[in-house]
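Input: a single structure, listed below in structure tokens.
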Amino acid sequence: MRISRGAVFVAFAWGAVCVAAPAAHAFDGTVPGQSDATVTLPSVTAPVTGGKALKKAPSGLPAGLMALAEEGHPIAQWRLGRMYANGDGVVQDDLRAFGYFSRIANAHAEDSPSAPQAAIVANAFVELGRYYLEGIPNSKIKRDAERAREMFSYAASYFGNADAQYDLARLYLKGVGAPHDVKYGARWLGLAAQKGQHQAQAVLGEMLFKGDQLPRQAARGLMWLTLARDAAAPDETWIKDSYNRAIAKASEDDRAMALQMLEHWVQGRRD
């Protein structure tokens with residue numbers, strides 16, 4: 001199965017989602033007054049191997065799941081994509097995983113952000129973006145940072161996906177596949193951080209605490225780093241190291257204010 005890579009432009013006007021903060025807190029990762037470009041629907045090329053239907057389910061793969069995927073059920077396609085991406089019960093195959101993710105993206109890109117399968121569709125775009133960012137060895141899926149940005153941008157803007165917002169922010173911060181733009185990158189970090197994306201919280205927190213790229217807000221930065229540390233996986237030592245460096249340098253006033261901000265954050269999430 002091969003889906004044309006010809007340009008398909010579907011414009012979606014979307015409202016800018018700003019992170020509300022009192023003026024006293026100054027810059028918190030948003031760019032006040034910055035308008036957002038119209039989102040265009042990216043087309044995805046499904047490789048022949050990855051999108052090709054299987055006549056028989058491989059060993060270890062439920063036949064019913066395969067049948068549902070071939071009938072076009074996005075949840076089944078997502079599960080198969082993740083299984084092939086991780087080598088979970090099947091031989092690891094990034095190209096086949098890419099194929100299932102691309103089928104989801106092509107079939108459901110225009111679904112409503114409130115649709116039951118919207119999270120899966122958004123995550124499929126994120127996975128595609130990550131594949132484009134690195135490429136798949138020995139395949140036609142080559143490294144293409146601009147294509148990666150398109151995937152992240154669509155999932156971040158239209159679906160409001162926090163992981164996509166974080167990945168998009170990193171591209172702007174590094175100037176990879178996008179113009180180097182610290183403030184715009186920080187804006188995406190702020191949006192993702194507000195949704196609880198802990199990696200975005202860690203990066204934004206360090207930037208605000210250090211103040212070398214953004215106006216310094218040590219207490220707010222420490223708040224984000226604390227949230228990120230609490231949510232970090234055991235192997236995400238970079239987050240814990242970043243927190244430890246900040247807490248060691250923070251003043252008593254910074255620590256007290258960060259704790260107060262943290263309490264407001266937790267209370268706000270409960271309300």
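Identifiers for the structure tokens are assigned positionally: chains receive A, B, ... in sequence, residues are indexed from 1 per chain, and ligands are indexed from 1 in the order shown.
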Hey, what's within 7 Å of Ala145 of chain A if we count only C-alpha atoms and toss same-chain stuff fewer than 3 positions away? As a compact mmCIF listing (two decimals) with C-alpha atoms, in the first residue's frame, please?
# COMPACT_ATOMS: atom_id res chain seq x y z
CA TYR A 132 11.40 11.04 10.22
CA LEU A 133 13.73 12.73 12.69
CA ALA A 148 9.39 15.59 11.36
CA ARG A 149 8.49 19.18 12.19
CA VAL A 176 16.67 21.52 13.59
CA GLY A 177 14.11 21.35 10.79
Exercise. For Leu171 of chain A, work out the shell of residues within 12 Å, counting only C-alpha atoms and skipping chain neighbours fewer than 6 positions away, then give it as a list in words.
Key: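 Within the cut-off, the hits are Gly129, Arg130, Leu133, Ala145, Glu146, Arg147, Ala148, Arg149, Glu150, Met151, Phe152, Ser153, Ala164, Gln165, Gly177, Ala178, Pro179, His180, Asp181, Val182, Tyr184, Gly185, Ala186, Trp188 and Leu189 of chain A.
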Per residue of segment 146-264 of chain A within 12 Å of segment 112-115 of chain A, which atom pair is closest and at what distance in Å (one decimal), using only C-alpha atoms, listed by chain and increasing number, as JSON lines?
{"residue": "A:Tyr154", "atom": "CA", "partner": "A:Pro113", "partner_atom": "CA", "distance": 11.4}
{"residue": "A:Ala155", "atom": "CA", "partner": "A:Pro113", "partner_atom": "CA", "distance": 9.7}
{"residue": "A:Ala156", "atom": "CA", "partner": "A:Pro113", "partner_atom": "CA", "distance": 11.0}
{"residue": "A:Ser157", "atom": "CA", "partner": "A:Pro113", "partner_atom": "CA", "distance": 10.2}
{"residue": "A:Tyr158", "atom": "CA", "partner": "A:Pro113", "partner_atom": "CA", "distance": 7.0}
{"residue": "A:Phe159", "atom": "CA", "partner": "A:Pro113", "partner_atom": "CA", "distance": 5.1}
{"residue": "A:Gly160", "atom": "CA", "partner": "A:Pro113", "partner_atom": "CA", "distance": 8.0}
{"residue": "A:Asn161", "atom": "CA", "partner": "A:Pro113", "partner_atom": "CA", "distance": 9.7}
Self-check item: DSSP-assigned helix (DSSP H, G or I) among segment 122-248 of chain A, expressed as a count of residues only
Solution: 91
Practice problem: Could you tell me how far atom CA of Glu206 of chain A lies from atom CA of Gly221 of chain A, in Å and to one decimal? | Solution: 6.0 Å
Quiz item: Quick one: residues within 7 Å of segment 214-218 of chain A, only C-alpha atoms counted, chain neighbours fewer than 5 positions away excluded, as a PyMOL selection string?
Solution: chain A and resi 27+207-209+254
Saved selection, atoms kept: C-alpha atoms, as a short mmCIF file (atom, residue, chain, number, x, y, z; two decimals), in the first residue's frame:
data_model
loop_
_atom_site.label_atom_id
_atom_site.label_comp_id
_atom_site.auth_asym_id
_atom_site.auth_seq_id
_atom_site.Cartn_x
_atom_site.Cartn_y
_atom_site.Cartn_z
CA PHE A 27 7.75 35.14 31.32
CA MET A 207 15.80 27.48 31.24
CA LEU A 208 13.84 29.65 33.67
CA PHE A 209 16.08 28.83 36.61
CA ASP A 254 13.46 30.75 45.86
#
Using only C-alpha atoms, which residues sit within 12 Å of Asp253 of chain A once same-chain residues fewer than 6 positions away are excluded, as a JSON list (two decimals) with N, CA and C atoms, in the first residue's frame?
[["chain", "number", "residue", "atom", "x", "y", "z"],
["A", 218, "ALA", "N", 13.77, 32.08, 38.93],
["A", 218, "ALA", "CA", 14.34, 30.94, 39.63],
["A", 218, "ALA", "C", 13.29, 30.10, 40.34],
["A", 219, "ALA", "N", 12.35, 30.75, 41.03],
["A", 219, "ALA", "CA", 11.35, 30.00, 41.79],
["A", 219, "ALA", "C", 10.43, 29.21, 40.86],
["A", 220, "ARG", "N", 9.99, 29.85, 39.78],
["A", 220, "ARG", "CA", 9.12, 29.15, 38.85],
["A", 220, "ARG", "C", 9.87, 28.01, 38.17],
["A", 222, "LEU", "N", 12.30, 26.31, 39.47],
["A", 222, "LEU", "CA", 12.44, 25.25, 40.45],
["A", 222, "LEU", "C", 11.14, 24.48, 40.63],
["A", 247, "ILE", "N", 18.37, 22.95, 42.88],
["A", 247, "ILE", "CA", 18.04, 23.05, 44.30],
["A", 247, "ILE", "C", 19.26, 23.40, 45.13],
["A", 259, "LEU", "N", 7.84, 26.31, 46.47],
["A", 259, "LEU", "CA", 6.92, 25.44, 47.20],
["A", 259, "LEU", "C", 5.50, 26.00, 47.17],
["A", 260, "GLN", "N", 5.39, 27.32, 47.32],
["A", 260, "GLN", "CA", 4.08, 27.95, 47.26],
["A", 260, "GLN", "C", 3.46, 27.80, 45.87]]
Quiz item: Do you know which residues are at most 12 Å from Asp88 of chain A counting only C-alpha atoms, after dropping those on the same chain fewer than 4 positions away, and could you put them as a list in words?
Solution: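 Contacts, with the query itself left out: Ser59, Gly60, Leu61, Arg79, Leu80, Gly81, Arg82, Met83, Tyr84, Gln92, Asp93 and Ala97 of chain A.
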What does the file look like for those residues with C-alpha atoms, as a compact mmCIF listing (two decimals), in the first residue's frame?
# COMPACT_ATOMS: atom_id res chain seq x y z
CA SER A 59 3.63 -16.15 15.45
CA GLY A 60 2.87 -14.42 18.74
CA LEU A 61 0.49 -11.92 17.14
CA ARG A 79 -1.30 -1.65 19.07
CA LEU A 80 0.36 -3.41 16.15
CA GLY A 81 2.51 -0.38 15.42
CA ARG A 82 3.73 -0.27 18.99
CA MET A 83 4.34 -4.04 19.04
CA TYR A 84 6.50 -3.84 15.92
CA GLN A 92 11.06 -5.76 15.85
CA ASP A 93 10.36 -4.02 12.55
CA ALA A 97 5.53 0.02 12.60
Practice problem: Using only C-alpha atoms, determine which residues lie at most 10 Å from Ala76 of chain A, disregarding the query and same-chain residues fewer than 6 positions distant; provide the list as a PyMOL selection string. | Solution: chain A and resi 64-70+82+100+104
